[in-house]
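**Student:** What follows is a single structure, and I will ask about it in a moment.
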Amino acid sequence: MPRAETATHYMTMGFDEDLNQAAKIATREMLNFIVETKGLSREDAYMLLSATMDLVVTQAVDVSKDPRTVPKAIFQK
């Protein structure tokens, strides 16, 4: 699945005709991204994301796009 990055956020995307499935895909991809790049356990990453992750629906026509965003600031010391 595609990933994106802005100056302030990391983003993952989920694509599915069912918006709930798209949300699950995007969430799973964000969890994988945080574990791979930040060195957190899956459990710690899941807890962190449950408190910081936002859902932004960018398209609800045709195939759903469901980015999940996490602010980069949560990783700064």
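Here's how to read the names in the structure tokens: chain A, B, ... by the order shown, residue numbers from 1 in each chain, ligand numbers from 1 in the order shown.
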Which residues are close to Ala51 (chain A), i.e. within 12 Å by only C-alpha atoms, leaving aside same-chain residues fewer than 4 positions away? Reply as a PDB file with all heavy atoms, in the first residue's frame.
**Tutor:**
```
ATOM      1  N   ASP A  44       3.380  -1.756  21.664  1.00  0.00           N
ATOM      2  CA  ASP A  44       3.622  -0.344  21.975  1.00  0.00           C
ATOM      3  C   ASP A  44       3.157   0.560  20.835  1.00  0.00           C
ATOM      4  O   ASP A  44       2.575   1.611  21.070  1.00  0.00           O
ATOM      5  CB  ASP A  44       5.100  -0.093  22.263  1.00  0.00           C
ATOM      6  CG  ASP A  44       5.535  -0.641  23.610  1.00  0.00           C
ATOM      7  OD1 ASP A  44       4.651  -0.936  24.462  1.00  0.00           O
ATOM      8  OD2 ASP A  44       6.752  -0.778  23.829  1.00  0.00           O
ATOM      9  N   ALA A  45       3.407   0.143  19.607  1.00  0.00           N
ATOM     10  CA  ALA A  45       2.966   0.931  18.451  1.00  0.00           C
ATOM     11  C   ALA A  45       1.450   1.014  18.409  1.00  0.00           C
ATOM     12  O   ALA A  45       0.885   2.084  18.134  1.00  0.00           O
ATOM     13  CB  ALA A  45       3.510   0.326  17.159  1.00  0.00           C
ATOM     14  N   TYR A  46       0.776  -0.068  18.719  1.00  0.00           N
ATOM     15  CA  TYR A  46      -0.693  -0.085  18.717  1.00  0.00           C
ATOM     16  C   TYR A  46      -1.243   0.893  19.750  1.00  0.00           C
ATOM     17  O   TYR A  46      -2.164   1.657  19.472  1.00  0.00           O
ATOM     18  CB  TYR A  46      -1.189  -1.507  18.984  1.00  0.00           C
ATOM     19  CG  TYR A  46      -2.664  -1.685  18.761  1.00  0.00           C
ATOM     20  CD1 TYR A  46      -3.153  -1.930  17.489  1.00  0.00           C
ATOM     21  CD2 TYR A  46      -3.565  -1.600  19.812  1.00  0.00           C
ATOM     22  CE1 TYR A  46      -4.509  -2.094  17.261  1.00  0.00           C
ATOM     23  CE2 TYR A  46      -4.923  -1.760  19.600  1.00  0.00           C
ATOM     24  CZ  TYR A  46      -5.389  -2.007  18.317  1.00  0.00           C
ATOM     25  OH  TYR A  46      -6.724  -2.156  18.106  1.00  0.00           O
ATOM     26  N   MET A  47      -0.656   0.886  20.950  1.00  0.00           N
ATOM     27  CA  MET A  47      -1.105   1.811  21.996  1.00  0.00           C
ATOM     28  C   MET A  47      -0.855   3.261  21.587  1.00  0.00           C
ATOM     29  O   MET A  47      -1.711   4.128  21.775  1.00  0.00           O
ATOM     30  CB  MET A  47      -0.416   1.495  23.322  1.00  0.00           C
ATOM     31  CG  MET A  47      -0.941   0.243  23.980  1.00  0.00           C
ATOM     32  SD  MET A  47      -0.306  -0.032  25.653  1.00  0.00           S
ATOM     33  CE  MET A  47       1.413  -0.368  25.320  1.00  0.00           C
ATOM     34  N   THR A  69      -3.255   9.275   9.395  1.00  0.00           N
ATOM     35  CA  THR A  69      -2.139  10.187   9.600  1.00  0.00           C
ATOM     36  C   THR A  69      -1.679  10.148  11.048  1.00  0.00           C
ATOM     37  O   THR A  69      -2.473   9.965  11.963  1.00  0.00           O
ATOM     38  CB  THR A  69      -2.508  11.635   9.232  1.00  0.00           C
ATOM     39  OG1 THR A  69      -3.502  12.114  10.129  1.00  0.00           O
ATOM     40  CG2 THR A  69      -3.000  11.734   7.802  1.00  0.00           C
ATOM     41  N   VAL A  70      -0.379  10.316  11.219  1.00  0.00           N
ATOM     42  CA  VAL A  70       0.234  10.387  12.541  1.00  0.00           C
ATOM     43  C   VAL A  70       1.179  11.580  12.533  1.00  0.00           C
ATOM     44  O   VAL A  70       2.031  11.697  11.643  1.00  0.00           O
ATOM     45  CB  VAL A  70       1.024   9.095  12.863  1.00  0.00           C
ATOM     46  CG1 VAL A  70       1.803   9.246  14.144  1.00  0.00           C
ATOM     47  CG2 VAL A  70       0.089   7.916  12.954  1.00  0.00           C
ATOM     48  N   PRO A  71       1.060  12.476  13.519  1.00  0.00           N
ATOM     49  CA  PRO A  71       1.958  13.625  13.555  1.00  0.00           C
ATOM     50  C   PRO A  71       3.389  13.193  13.879  1.00  0.00           C
ATOM     51  O   PRO A  71       3.619  12.392  14.785  1.00  0.00           O
ATOM     52  CB  PRO A  71       1.381  14.512  14.673  1.00  0.00           C
ATOM     53  CG  PRO A  71       0.471  13.642  15.457  1.00  0.00           C
ATOM     54  CD  PRO A  71       0.080  12.487  14.582  1.00  0.00           C
ATOM     55  N   ILE A  74       5.194  13.441  17.620  1.00  0.00           N
ATOM     56  CA  ILE A  74       5.147  12.473  18.708  1.00  0.00           C
ATOM     57  C   ILE A  74       6.444  11.684  18.826  1.00  0.00           C
ATOM     58  O   ILE A  74       6.686  11.045  19.841  1.00  0.00           O
ATOM     59  CB  ILE A  74       3.950  11.517  18.608  1.00  0.00           C
ATOM     60  CG1 ILE A  74       4.056  10.633  17.361  1.00  0.00           C
ATOM     61  CG2 ILE A  74       2.639  12.273  18.656  1.00  0.00           C
ATOM     62  CD1 ILE A  74       3.019   9.539  17.289  1.00  0.00           C
TER      63      ILE A  74
END
```
**Student:** Which of these residues is nearest to Leu49 (chain A), using only C-alpha atoms: A:Thr37, A:Gln21, A:Thr27, A:Ala7?
**Tutor:** A:Thr27
**Student:** Please provide as a PyMOL selection string all residues within 6 Å of Met11 (chain A), with the sequence filter that same-chain residues fewer than 3 positions apart are discarded (counting only C-alpha atoms).
**Tutor:** chain A and resi 3-5+68-69
**Student:** Produce a file of the selected residues containing N, CA, C and O atoms, as an mmCIF file, in the first residue's frame.
**Tutor:**
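And here's result_33.cif as it stands now:
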```
data_model
loop_
_atom_site.group_PDB
_atom_site.id
_atom_site.type_symbol
_atom_site.label_atom_id
_atom_site.label_comp_id
_atom_site.auth_asym_id
_atom_site.auth_seq_id
_atom_site.Cartn_x
_atom_site.Cartn_y
_atom_site.Cartn_z
ATOM 1 N N ARG A 3 2.424 4.838 0.892
ATOM 2 C CA ARG A 3 2.686 5.643 2.085
ATOM 3 C C ARG A 3 3.066 7.027 1.604
ATOM 4 O O ARG A 3 3.587 7.194 0.510
ATOM 5 N N ALA A 4 2.841 8.008 2.453
ATOM 6 C CA ALA A 4 3.206 9.381 2.108
ATOM 7 C C ALA A 4 3.738 10.069 3.361
ATOM 8 O O ALA A 4 3.571 9.580 4.482
ATOM 9 N N GLU A 5 4.366 11.193 3.128
ATOM 10 C CA GLU A 5 4.927 11.955 4.226
ATOM 11 C C GLU A 5 4.847 13.434 3.880
ATOM 12 O O GLU A 5 5.119 13.828 2.747
ATOM 13 N N ARG A 68 -4.563 7.259 6.914
ATOM 14 C CA ARG A 68 -4.373 7.408 8.348
ATOM 15 C C ARG A 68 -3.153 8.289 8.529
ATOM 16 O O ARG A 68 -2.134 8.077 7.887
ATOM 17 N N THR A 69 -3.255 9.275 9.395
ATOM 18 C CA THR A 69 -2.139 10.187 9.600
ATOM 19 C C THR A 69 -1.679 10.148 11.048
ATOM 20 O O THR A 69 -2.473 9.965 11.963
#
```
**Student:** When distances are computed from only C-alpha atoms, which of A:Ala23, A:Pro2, A:Met53, A:Lys72 shows the smallest separation from Lys38 (chain A)?
**Tutor:**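 Among the listed residues, A:Lys72 lies closest to Lys38 (chain A).
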**Student:** Residues of chain A classed as alpha helix (DSSP H) by DSSP on the backbone are to be reported as a ChimeraX atom specification.
**Tutor:** /A:19-38,42-52
**Student:** Calculate how many Å separate CA of Phe15 (chain A) from CA of Ala73 (chain A), rounding to one decimal.
**Tutor:** 26.5 Å
**Student:** Using only C-alpha atoms, which protein or nucleic acid residues come within 8 Å of Glu29 (chain A)? Drop anything in the same chain fewer than 6 positions from it, and give the result as a count of residues only.
**Tutor:** 4
**Student:** For Arg42 (chain A), which residue among A:Asp54, A:Arg28, A:Gln76, A:Leu19 is the nearest when counting only C-alpha atoms?
**Tutor:**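 So, comparing all the options, the nearest one is A:Arg28.
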**Student:** For a quick check of understanding, using only C-alpha atoms, which of A:Asp16, A:Leu48, A:Thr8, A:Thr58 has the smallest distance to Ile34 (chain A)?
**Tutor:** A:Leu48
**Student:** If you measure from CA of Phe75 (chain A) to CA of Asn32 (chain A), what distance in Å do you get, rounded to one decimal?
**Tutor:**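 Going from CA of Phe75 (chain A) over to CA of Asn32 (chain A), I get 15.8 Å.
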**Student:** Write out as a PDB file with N, CA, C and O atoms, in the first residue's frame all residues of chain A that DSSP puts in strand (DSSP E or B) for this structure's backbone.
**Tutor:**
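The file below, out.pdb, is the result:
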```
ATOM      1  N   ARG A   3       2.424   4.838   0.892  1.00  0.00           N
ATOM      2  CA  ARG A   3       2.686   5.643   2.085  1.00  0.00           C
ATOM      3  C   ARG A   3       3.066   7.027   1.604  1.00  0.00           C
ATOM      4  O   ARG A   3       3.587   7.194   0.510  1.00  0.00           O
ATOM      5  N   ALA A   4       2.841   8.008   2.453  1.00  0.00           N
ATOM      6  CA  ALA A   4       3.206   9.381   2.108  1.00  0.00           C
ATOM      7  C   ALA A   4       3.738  10.069   3.361  1.00  0.00           C
ATOM      8  O   ALA A   4       3.571   9.580   4.482  1.00  0.00           O
ATOM      9  N   GLU A   5       4.366  11.193   3.128  1.00  0.00           N
ATOM     10  CA  GLU A   5       4.927  11.955   4.226  1.00  0.00           C
ATOM     11  C   GLU A   5       4.847  13.434   3.880  1.00  0.00           C
ATOM     12  O   GLU A   5       5.119  13.828   2.747  1.00  0.00           O
ATOM     13  N   HIS A   9       3.468  15.122   9.037  1.00  0.00           N
ATOM     14  CA  HIS A   9       2.745  13.866   9.269  1.00  0.00           C
ATOM     15  C   HIS A   9       3.269  12.718   8.408  1.00  0.00           C
ATOM     16  O   HIS A   9       3.779  12.938   7.316  1.00  0.00           O
ATOM     17  N   TYR A  10       3.114  11.511   8.945  1.00  0.00           N
ATOM     18  CA  TYR A  10       3.267  10.286   8.167  1.00  0.00           C
ATOM     19  C   TYR A  10       1.863   9.845   7.777  1.00  0.00           C
ATOM     20  O   TYR A  10       0.921  10.015   8.549  1.00  0.00           O
ATOM     21  N   MET A  11       1.714   9.231   6.594  1.00  0.00           N
ATOM     22  CA  MET A  11       0.403   8.791   6.137  1.00  0.00           C
ATOM     23  C   MET A  11       0.486   7.405   5.506  1.00  0.00           C
ATOM     24  O   MET A  11       1.438   7.100   4.808  1.00  0.00           O
ATOM     25  N   THR A  12      -0.519   6.597   5.785  1.00  0.00           N
ATOM     26  CA  THR A  12      -0.712   5.338   5.079  1.00  0.00           C
ATOM     27  C   THR A  12      -2.112   5.368   4.496  1.00  0.00           C
ATOM     28  O   THR A  12      -2.973   6.117   4.960  1.00  0.00           O
ATOM     29  N   PHE A  15      -7.226   1.050   0.435  1.00  0.00           N
ATOM     30  CA  PHE A  15      -8.141   1.126  -0.704  1.00  0.00           C
ATOM     31  C   PHE A  15      -9.075  -0.070  -0.680  1.00  0.00           C
ATOM     32  O   PHE A  15      -8.625  -1.210  -0.675  1.00  0.00           O
ATOM     33  N   ASP A  16     -10.356   0.197  -0.626  1.00  0.00           N
ATOM     34  CA  ASP A  16     -11.351  -0.862  -0.681  1.00  0.00           C
ATOM     35  C   ASP A  16     -12.698  -0.214  -0.947  1.00  0.00           C
ATOM     36  O   ASP A  16     -12.910   0.952  -0.577  1.00  0.00           O
ATOM     37  N   ASP A  54      -5.110   9.803  13.262  1.00  0.00           N
ATOM     38  CA  ASP A  54      -6.326  10.411  12.736  1.00  0.00           C
ATOM     39  C   ASP A  54      -6.740   9.719  11.449  1.00  0.00           C
ATOM     40  O   ASP A  54      -5.903   9.234  10.698  1.00  0.00           O
ATOM     41  N   LEU A  55      -8.019   9.733  11.179  1.00  0.00           N
ATOM     42  CA  LEU A  55      -8.584   9.199   9.948  1.00  0.00           C
ATOM     43  C   LEU A  55      -9.053  10.359   9.086  1.00  0.00           C
ATOM     44  O   LEU A  55      -9.755  11.239   9.565  1.00  0.00           O
ATOM     45  N   GLN A  59     -11.773  10.304  -0.314  1.00  0.00           N
ATOM     46  CA  GLN A  59     -12.653  10.002  -1.441  1.00  0.00           C
ATOM     47  C   GLN A  59     -13.628   8.918  -1.019  1.00  0.00           C
ATOM     48  O   GLN A  59     -13.227   7.895  -0.493  1.00  0.00           O
ATOM     49  N   SER A  64     -12.679   3.596  -2.345  1.00  0.00           N
ATOM     50  CA  SER A  64     -12.407   4.448  -1.193  1.00  0.00           C
ATOM     51  C   SER A  64     -10.915   4.602  -0.961  1.00  0.00           C
ATOM     52  O   SER A  64     -10.146   3.661  -1.099  1.00  0.00           O
ATOM     53  N   LYS A  65     -10.543   5.798  -0.575  1.00  0.00           N
ATOM     54  CA  LYS A  65      -9.178   6.073  -0.131  1.00  0.00           C
ATOM     55  C   LYS A  65      -9.295   6.524   1.309  1.00  0.00           C
ATOM     56  O   LYS A  65     -10.058   7.424   1.621  1.00  0.00           O
ATOM     57  N   ARG A  68      -4.563   7.259   6.914  1.00  0.00           N
ATOM     58  CA  ARG A  68      -4.373   7.408   8.348  1.00  0.00           C
ATOM     59  C   ARG A  68      -3.153   8.289   8.529  1.00  0.00           C
ATOM     60  O   ARG A  68      -2.134   8.077   7.887  1.00  0.00           O
ATOM     61  N   THR A  69      -3.255   9.275   9.395  1.00  0.00           N
ATOM     62  CA  THR A  69      -2.139  10.187   9.600  1.00  0.00           C
ATOM     63  C   THR A  69      -1.679  10.148  11.048  1.00  0.00           C
ATOM     64  O   THR A  69      -2.473   9.965  11.963  1.00  0.00           O
ATOM     65  N   VAL A  70      -0.379  10.316  11.219  1.00  0.00           N
ATOM     66  CA  VAL A  70       0.234  10.387  12.541  1.00  0.00           C
ATOM     67  C   VAL A  70       1.179  11.580  12.533  1.00  0.00           C
ATOM     68  O   VAL A  70       2.031  11.697  11.643  1.00  0.00           O
ATOM     69  N   PRO A  71       1.060  12.476  13.519  1.00  0.00           N
ATOM     70  CA  PRO A  71       1.958  13.625  13.555  1.00  0.00           C
ATOM     71  C   PRO A  71       3.389  13.193  13.879  1.00  0.00           C
ATOM     72  O   PRO A  71       3.619  12.392  14.785  1.00  0.00           O
TER      73      PRO A  71
END
```
**Student:** In Å, how far is it from CA of Gly39 (chain A) to CA of Thr6 (chain A)?
**Tutor:**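 Separation between CA of Gly39 (chain A) and CA of Thr6 (chain A): 20.7 Å.
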